[in-house]
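Student: Right, I'll just put the structure down here and ask away after.
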Amino acid sequence: MSAISVRDVWQVYDGRVVLERISLEIKSGSFVAIVGPSGCGKTTFLRMLMSEERPSRGTILLDGRPLPDEPTADRGVVFQRYSVLPHLTVLGNVMLPLEFLGSRLLGRLFGAARRDAEAEARAMLAHVGLDGAEHLYPAQLSGGMQQRLALAQALMGKPRVLLLDEPFSALDPGTRAEIHGLTKRLWEETGMTVVMVTHDLSEAFRLGTRIVVFERLEPERGTRITFDIPLEGRKKPQEHRTPREMHILTQEKSPCDRIAVGGRPSAWSAATIIPISTPAKAAAGRP
Amino acid sequence: MRVINRHPGRQARQILTALPFLAAVIAYCTASAIRLAANSEDRLLPSLGQMTAAVRRMAFSQDIASGQYLLLSDTAMSLQRLLLGLAIAVGISFAVGIAVGMVPYLRRTFVAFIAAFSMVPPLAVLPILFIAVGIGETAKVTLIVIGTAPFMIRDLIMRVEELPRPQLIKVQTLGATSWQIALRVVVPQMLPRLIDALRLSLGPAWLYLISAEAIAAESGLGYRIFLVRRYFAMDVILPYVAWITLLAFLFDALLRVFQRRAFPWFALEYMR
Ligand SMILES: Nc1ncnc2c1ncn2[C@@H]1O[C@H](COP(=O)(O)OP(=O)(O)OP(=O)(O)O)[C@@H](O)[C@H]1O
Ligand SMILES: [Mg+2]
């Protein structure tokens with residue numbers, strides 16, 4: 001649906017380089033997972049993609065055109081927290097994008113238009129497994145349900161690109177597995193381009209069609225892309241992969257649980273892939 | 001068990017709540033009895049009986065001169081001023097607070113000015129009001145507005161700024177215009193917070209009301225207290241003070257209940 005092209009982007013805060021020379025061509029309909037140690041600038045990168053911030057240098061194009069200067073409906077987002085509105089019920093949250101669209105002046109639909117929107121919203125809720133929770137407030141939902149709601153709400157806006165910032169990292173492994181299935185299904189159905197930041201390498205492997213590793217190799221310099229691993233059909237012959245790529249790929253099934261962050265088997269952080277190059281940073285990089 | 005972990009039981013809770021009230025009443029009665037025993041003409045601490053008689057006179061019998069029930073007419077006048085002043089203050093604060101909180105250009109223009117303006121002591125402005133609009137109702141209502149609105153405006157600006165940034169980004173990605181964000185996202189979330197600000201403003205509002213009535217009025221609770229002060233009528237003043245306190249307390253409780261009923265999500269989100 002939509003291609004993103006990031007060209008030589010830098011982000012500098014108060015003279016401190018956070019991101020340096022980031023270039024990335026994201027194909028329409030792909031699912032890019034961005035991993036990297038904490039504080040390396042993944043969120044910063046995503047904030048630029050949603051126009052919350054402008055790059056200090058470089059350009060970002062969406063379907064060949066410069067990114068708009070402010071967030072727009074073509075790029076949906078889901079954050080780890082604060083993605084849904086606390087004062088609206090589940091149904092109200094999901095109807096909201098339709099109400100914004102249908103009523104420029106009041107942002108509120110009435111009568112037949114409202115019934116149509118409600119039907120559409122209910123269908124979406126059923127689709128993400130939230131039927132029966134229509135009249136609850138977000139504070140009454142579990143973390144997993146809240147993120148389902150956030151996904152449903154974002155999709156009601158029919159974005160061409162979906163940006164996810166660690167959307168599932170606060171969930172327990174079981175809930176996370178379920179919501180992974182849902183995310184994958186929604187992505188396949190809509191054909192949107194997805195960019196997801198995650199700490200969880202297994203999540204990146206399960207969902208992504210491509211994994212991009214952000215890393216700061218020298219302390220004084222900015223974070224750069226150190227690995228860019230296509231997963232689309234892992235048919236690529238193993239011998240064509242570099243040793244470090246192989247290492248990252250095999251980690252998925254390797255006994256690296258032992259050094260996994262927090263000892264949780266599924267919580268393979270990007271930190272676990274760093275020991276090869278810079279052992280000292282592995283510890284520092286843990287979330 | 002640690003003191004911080006020990007909780008009173010059901011009955012103990014009620015007793016504990018009532019205790020300080022009872023203690024105050026008993027302390028007063030004792031002191032009053034001692035003084036009256038020493039001098040039966042003492043006016044400083046009238047007995048409960050004397051106050052009851054004063055209340056009967058003020059609240060339940062017609063005033064000979066005006067033919068009115070004084071406590072009733074005083075209360076009506078005071079409440080009218082108080083509620084009008086607060087309503088105007090709330091209206092102004094809500095509109096200004098949300099607009100300034102949301103729009104960076106307005107914030108730049110007005111935040112420093114409002115902060116400076118809120119430091120003007122309202123009572124020092126009272127003479128200006130008297131000169132400008134006379135000593136009628138307008139001056140008293142205006143004093144309440146000047147006394148309470150700056151606080152509510154500043155509070156609301158801060159509450160709007162406190163809304164999580166991701167939330168505002170998120171609604172923008174759902175296609176909302178600034179106006180729609182104000183109507184559907186900011187205003188509904190600010191209403192319960194406005195009630196909090198209003199509750200905190202009740203005290204100052206009464207303060208300015210009583211002050212204005214004490215200085216220039218022909219009716220009202222504050223007027224009455226300062227009028228009977230000339231005759232050392234403590235038997236009237238004390239019940240009036242208790243009545244004002246009760247009214248303020250009831251308003252506060254009413255607002256609290258209303259907030260919980262009207263905005264169930266607010267309690268869920270912030271008062272767990
Ligand atoms: N507005 C800002 N002003 C100054 N520095 C900032 C700003 N935003 C981010 N930074 C800095 O940029 C760096 C990257 O932050 P960012 O939030 O993008 O990291 P991250 O990779 O998302 O980390 P995490 O995995 O912990 O979420 C941090 O060192 C942070 O302090
Ligand atoms: Mg982050």
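Labeling convention for the structure tokens: chains A, B, ... as they appear, residues from 1 per chain, ligands from 1 in order of appearance.
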May I have the residues within 7 Å of ligand 1, computed using only C-alpha atoms and all ligand atoms, as a PyMOL selection string?
Tutor: chain A and resi 13-14+18+36-45+199+287
Student: Per residue of chain A within 6 Å of chain B, what are the shortest atom pair and its distance in Å to one decimal, counting only C-alpha atoms, with rows by chain and residue number, as a tab-separated table?
Tutor:
```
residue	atom	partner	partner_atom	distance
A:Pro71	CA	B:Thr173	CA	5.5
A:Thr72	CA	B:Thr173	CA	4.8
A:Ala73	CA	B:Thr173	CA	4.4
A:Gly76	CA	B:Thr173	CA	5.4
A:Tyr82	CA	B:Gln167	CA	5.5
A:Ser83	CA	B:Gln167	CA	5.7
A:His87	CA	B:Trp265	CA	5.6
A:Pro97	CA	B:Leu174	CA	5.3
A:Phe100	CA	B:Ala176	CA	5.5
A:Gly107	CA	B:Gln180	CA	5.4
A:Ala139	CA	B:Glu269	CA	5.7
A:Gly157	CA	B:Leu174	CA	5.3
```
Student: Which value, in Å to one decimal, gives the distance between CA of Ile22 in chain A and CA of Glu53 in chain A?
Tutor: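 Here the two named atoms are 15.1 Å from each other.
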Student: Report as a ChimeraX atom specification all protein, DNA and RNA residues lying within 8 Å of Ala33 in chain A, evaluated on only C-alpha atoms, omitting residues in the same chain fewer than 3 positions from it.
Tutor: /A:195-198,204,207-212
Student: Which residues are near range 146-159 of chain B? Cut-off 9 Å, only C-alpha atoms, ignore same chain within fewer than 2 positions. Put them as a ChimeraX atom specification.
Tutor: /B:85-86,88-90,92-102,107,111,114-115,117-119,121-123,125,141-144,161-163,190,193-194,197-198,200-202,204-205,208
Student: Between CA of Glu25 in chain A and CA of Ser5 in chain A, what is the distance in Å, rounded to a tenth?
Tutor: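 So the two atoms, CA of Glu25 in chain A and CA of Ser5 in chain A, lie 4.6 Å apart.
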Student: Let me make sure I understand: among A:Leu98, A:Leu109, A:Ile34, A:Leu231, which one has the smallest atom-to-atom distance to ligand 2 if we use only C-alpha atoms and all ligand atoms?
Tutor: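 That would be A:Ile34, the residue with the smallest distance to ligand 2.
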Student: Calculated over only C-alpha atoms and all ligand atoms, which of the candidates A:Arg21, A:Arg75, A:Arg7, A:Arg81 has the smallest distance to ligand 2?
Tutor: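 Among A:Arg21, A:Arg75, A:Arg7, A:Arg81, it is A:Arg81 that comes nearest to ligand 2.
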Student: Using backbone DSSP assignments, extract all helix (DSSP H, G or I) residues from range 16-247 of chain A; output them as a PyMOL selection string.
Tutor: chain A and resi 42-49+90-102+111-127+138-140+143-156+173-190+201-207+238-240+243-247
Student: Here is a test: counting only C-alpha atoms, which residue of A:Val9, A:Leu141, A:Leu186, A:Leu46 is nearest to Val128 in chain A?
Tutor: A:Leu186
Student: Please provide the set of residues having any atom within 9 Å of Val94 in chain A, restricted to only C-alpha atoms, with same-chain residues fewer than 5 positions apart removed, written as a CSV table (one decimal) with C-alpha atoms, in the first residue's frame.
Tutor:
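Here's the written file out11.csv:
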```csv
chain,number,residue,atom,x,y,z
A,89,THR,CA,-15.9,3.2,26.3
A,118,GLU,CA,-21.7,1.6,15.6
A,121,ALA,CA,-17.2,-0.6,15.1
A,122,ARG,CA,-18.9,-3.6,16.6
A,124,MET,CA,-14.2,-4.5,14.2
A,125,LEU,CA,-14.4,-5.3,17.9
A,149,LEU,CA,-8.5,-2.1,21.5
A,150,ALA,CA,-5.6,0.2,20.5
A,152,ALA,CA,-8.8,-1.9,16.5
A,153,GLN,CA,-9.0,1.9,17.0
A,154,ALA,CA,-5.9,2.5,14.8
A,155,LEU,CA,-7.3,0.3,12.1
A,156,MET,CA,-10.6,2.1,12.0
```
Student: Pick out the closest residue to Pro192 in chain B from this set: B:Ile215, B:Ala24, B:Leu255, B:Leu44. Count only C-alpha atoms.
Tutor: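 Among B:Ile215, B:Ala24, B:Leu255, B:Leu44, it is B:Leu255 that comes nearest to Pro192 in chain B.
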